[in-house]
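Let me begin by presenting the structure, written as structure tokens, before commenting on it.
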Amino acid sequence: MTTTVAVVGCTHAGVFAANSILREHPDWQVHVFERNETVSFLSCGIALWVGGHVSDPKKMFYSSPQALEQAGATVHMHTDVTDVDVAAKTLEFRDLQTGDTQTLPYDKLVVTTGSRPIVPPLPGIDSKRVQLCKNWDDAVQIKERAHDLKNVIVIGAGYIGAELAEQFSTRGTQVTLIDAADRVLIGLDYFDASINRIGAYVIGSRA
């Protein structure tokens, strides 16, 4: 009897999980679910792209939906997993483009949804002038806006924030870097204590 695996989310962990499972069990059915239109995006490259150090944005990806399909996965892009019944081992999902919903019975579940930026509940935070820095869509918007920006405020002085501030400054943009801590890259102080903790500090994200 064929084993069905559902992989929810497809950044680094999702790509690695799907490929590893298919390599070890090529006869298994692996379904990959991703809300966005891309997989394997190297978000650490956003700042370098803004600074003009990335000649081709395609270099910020090391896999694709097509590559996963060639490996044997069934890939559901632009798809939102709306409910998971662990006891019944069923997963409900909705196509974000058509609105169609389906249910997938599974044998094994892999959750690799990654993290999301922390958005503080501040007045005006929903302004179009406030830009997140996380995924490919964010990267495209930041790159497009970078040409006309004279002043930029970067909130969060972890690794990504500090590097983004540096790259904006090399373009001649006036940059203000803000963080609650008394110095930049404070998350690196906690590396030995917890990898997860450094992730929260460095990229300003919540699992």
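A note on labels: chains of the structure tokens are A, B, ... as shown, every chain counts residues from 1, and ligands are counted from 1 in their shown order.
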Would you mind listing what lies within 9 Å of Thr74 of chain A as a ChimeraX atom specification, with only C-alpha atoms counted and same-chain residues fewer than 4 positions away left out?
/A:29-33,68-69
Those residues with all heavy atoms, as a PDB file, in the first residue's frame please?
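After the write, result26.pdb holds the following:
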ATOM      1  N   GLN A  29       3.888   8.726  -2.252  1.00  0.00           N
ATOM      2  CA  GLN A  29       3.248   9.907  -2.823  1.00  0.00           C
ATOM      3  C   GLN A  29       3.485  11.087  -1.882  1.00  0.00           C
ATOM      4  O   GLN A  29       3.058  11.064  -0.728  1.00  0.00           O
ATOM      5  CB  GLN A  29       1.744   9.682  -2.999  1.00  0.00           C
ATOM      6  CG  GLN A  29       1.382   8.659  -4.049  1.00  0.00           C
ATOM      7  CD  GLN A  29      -0.119   8.561  -4.271  1.00  0.00           C
ATOM      8  OE1 GLN A  29      -0.900   9.246  -3.615  1.00  0.00           O
ATOM      9  NE2 GLN A  29      -0.524   7.694  -5.191  1.00  0.00           N
ATOM     10  N   VAL A  30       4.183  12.103  -2.384  1.00  0.00           N
ATOM     11  CA  VAL A  30       4.500  13.275  -1.582  1.00  0.00           C
ATOM     12  C   VAL A  30       3.780  14.488  -2.157  1.00  0.00           C
ATOM     13  O   VAL A  30       3.996  14.851  -3.319  1.00  0.00           O
ATOM     14  CB  VAL A  30       6.019  13.535  -1.550  1.00  0.00           C
ATOM     15  CG1 VAL A  30       6.329  14.817  -0.780  1.00  0.00           C
ATOM     16  CG2 VAL A  30       6.747  12.346  -0.924  1.00  0.00           C
ATOM     17  N   HIS A  31       2.904  15.079  -1.351  1.00  0.00           N
ATOM     18  CA  HIS A  31       2.169  16.282  -1.755  1.00  0.00           C
ATOM     19  C   HIS A  31       2.767  17.484  -1.031  1.00  0.00           C
ATOM     20  O   HIS A  31       2.866  17.495   0.200  1.00  0.00           O
ATOM     21  CB  HIS A  31       0.685  16.158  -1.405  1.00  0.00           C
ATOM     22  CG  HIS A  31      -0.055  15.175  -2.258  1.00  0.00           C
ATOM     23  ND1 HIS A  31      -0.898  15.571  -3.275  1.00  0.00           N
ATOM     24  CD2 HIS A  31      -0.073  13.817  -2.237  1.00  0.00           C
ATOM     25  CE1 HIS A  31      -1.411  14.490  -3.859  1.00  0.00           C
ATOM     26  NE2 HIS A  31      -0.930  13.416  -3.239  1.00  0.00           N
ATOM     27  N   VAL A  32       3.167  18.489  -1.801  1.00  0.00           N
ATOM     28  CA  VAL A  32       3.766  19.702  -1.248  1.00  0.00           C
ATOM     29  C   VAL A  32       2.781  20.857  -1.395  1.00  0.00           C
ATOM     30  O   VAL A  32       2.254  21.092  -2.484  1.00  0.00           O
ATOM     31  CB  VAL A  32       5.087  20.039  -1.967  1.00  0.00           C
ATOM     32  CG1 VAL A  32       5.657  21.353  -1.443  1.00  0.00           C
ATOM     33  CG2 VAL A  32       6.091  18.906  -1.788  1.00  0.00           C
ATOM     34  N   PHE A  33       2.546  21.582  -0.289  1.00  0.00           N
ATOM     35  CA  PHE A  33       1.601  22.704  -0.292  1.00  0.00           C
ATOM     36  C   PHE A  33       2.333  24.010   0.016  1.00  0.00           C
ATOM     37  O   PHE A  33       3.024  24.118   1.024  1.00  0.00           O
ATOM     38  CB  PHE A  33       0.503  22.473   0.753  1.00  0.00           C
ATOM     39  CG  PHE A  33      -0.319  21.241   0.501  1.00  0.00           C
ATOM     40  CD1 PHE A  33       0.076  20.014   1.025  1.00  0.00           C
ATOM     41  CD2 PHE A  33      -1.470  21.298  -0.268  1.00  0.00           C
ATOM     42  CE1 PHE A  33      -0.674  18.863   0.791  1.00  0.00           C
ATOM     43  CE2 PHE A  33      -2.222  20.161  -0.508  1.00  0.00           C
ATOM     44  CZ  PHE A  33      -1.818  18.940   0.026  1.00  0.00           C
ATOM     45  N   LEU A  68      10.777  19.896  -8.128  1.00  0.00           N
ATOM     46  CA  LEU A  68      10.146  18.999  -7.170  1.00  0.00           C
ATOM     47  C   LEU A  68       9.241  17.996  -7.875  1.00  0.00           C
ATOM     48  O   LEU A  68       9.175  16.823  -7.499  1.00  0.00           O
ATOM     49  CB  LEU A  68       9.341  19.813  -6.149  1.00  0.00           C
ATOM     50  CG  LEU A  68      10.161  20.631  -5.146  1.00  0.00           C
ATOM     51  CD1 LEU A  68       9.243  21.510  -4.307  1.00  0.00           C
ATOM     52  CD2 LEU A  68      10.981  19.715  -4.246  1.00  0.00           C
ATOM     53  N   GLU A  69       8.543  18.467  -8.897  1.00  0.00           N
ATOM     54  CA  GLU A  69       7.689  17.558  -9.665  1.00  0.00           C
ATOM     55  C   GLU A  69       8.526  16.508 -10.388  1.00  0.00           C
ATOM     56  O   GLU A  69       8.144  15.339 -10.468  1.00  0.00           O
ATOM     57  CB  GLU A  69       6.846  18.363 -10.651  1.00  0.00           C
ATOM     58  CG  GLU A  69       5.747  19.182  -9.976  1.00  0.00           C
ATOM     59  CD  GLU A  69       4.980  20.045 -10.956  1.00  0.00           C
ATOM     60  OE1 GLU A  69       5.441  20.184 -12.121  1.00  0.00           O
ATOM     61  OE2 GLU A  69       3.924  20.585 -10.569  1.00  0.00           O
TER      62      GLU A  69
END
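Considering only segment 52-118 of chain A, backbone DSSP assigns strand (DSSP E or B) to Phe61, Thr74, Val75, His76, Thr79, Asp80, Val81, Thr82, Asp83, Val84, Asp85, Thr90, Leu91, Glu92, Phe93, Arg94, Asp95, Thr101, Gln102, Thr103, Leu104, Pro105, Lys108, Leu109, Val110, Val111, Arg116 and Pro117 of chain A.
Taking atom CA of Asp85 of chain A as the reference point, atom CA of Ala17 of chain A is found at 21.0 Å.
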Neighbours of Glu34 of chain A within 8 Å (only C-alpha atoms; same-chain residues fewer than 4 positions away dropped), as JSON, numbers by chain?
{"A": [8, 9, 10, 39, 75, 76, 77, 78, 79, 80]}
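From atom CA of Gly52 of chain A back to atom CA of Leu149 of chain A, the distance works out to 14.9 Å.
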What parts of segment 89-182 of chain A does DSSP call alpha helix (DSSP H)? I'd like the answer as a list in words.
Trp136, Asp137, Asp138, Ala139, Val140, Gln141, Ile142, Lys143, Glu144, Arg145, Ala146, Tyr159, Ile160, Gly161, Ala162, Glu163, Leu164, Ala165, Glu166, Gln167, Phe168, Ser169 and Thr170 of chain A
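Among the candidates A:Ala139, A:Val154, A:Val110, A:Val86, the residue lying nearest to Thr173 of chain A is A:Val154 (atoms considered: only C-alpha atoms).
Taking atom CA of Gly158 of chain A and atom CA of Asp179 of chain A as the two end points, the separation is 8.4 Å.
Nearest to Asn151 of chain A of all the residues A:Pro117, A:Ala87, A:Glu166, A:Gly172 is A:Gly172, based on only C-alpha atoms.
Using only C-alpha atoms, the smallest distance between any of A:Asp148, A:Asp56, A:Asp27, A:Glu163 and Leu177 of chain A comes from A:Glu163.
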Restrict the calculation to only C-alpha atoms, then for each residue of segment 36-99 of chain A with any atom at most 9 Å from an atom of segment 119-137 of chain A give the closest atom pair and their distance in Å to one decimal, rows by chain and rising residue number, as a Markdown table.
| residue | atom | partner | partner_atom | distance |
| --- | --- | --- | --- | --- |
| A:Asn36 | CA | A:Asp137 | CA | 8.6 |
| A:Glu37 | CA | A:Trp136 | CA | 8.9 |
| A:Thr38 | CA | A:Trp136 | CA | 7.5 |
| A:Phe41 | CA | A:Trp136 | CA | 6.6 |
| A:Leu42 | CA | A:Asn135 | CA | 8.4 |
| A:Ser43 | CA | A:Lys134 | CA | 6.2 |
| A:Cys44 | CA | A:Lys134 | CA | 8.8 |
| A:Ile46 | CA | A:Cys133 | CA | 7.9 |
I want to know what sits within 9 Å of segment 88-95 of chain A, based on only C-alpha atoms, with residues of the same chain fewer than 3 positions away left out; could you give that as JSON, numbers by chain?
{"A": [6, 33, 35, 76, 77, 78, 79, 80, 81, 82, 83, 84, 85, 98, 99, 100, 101, 102, 103, 104, 105, 106, 107, 108, 109]}
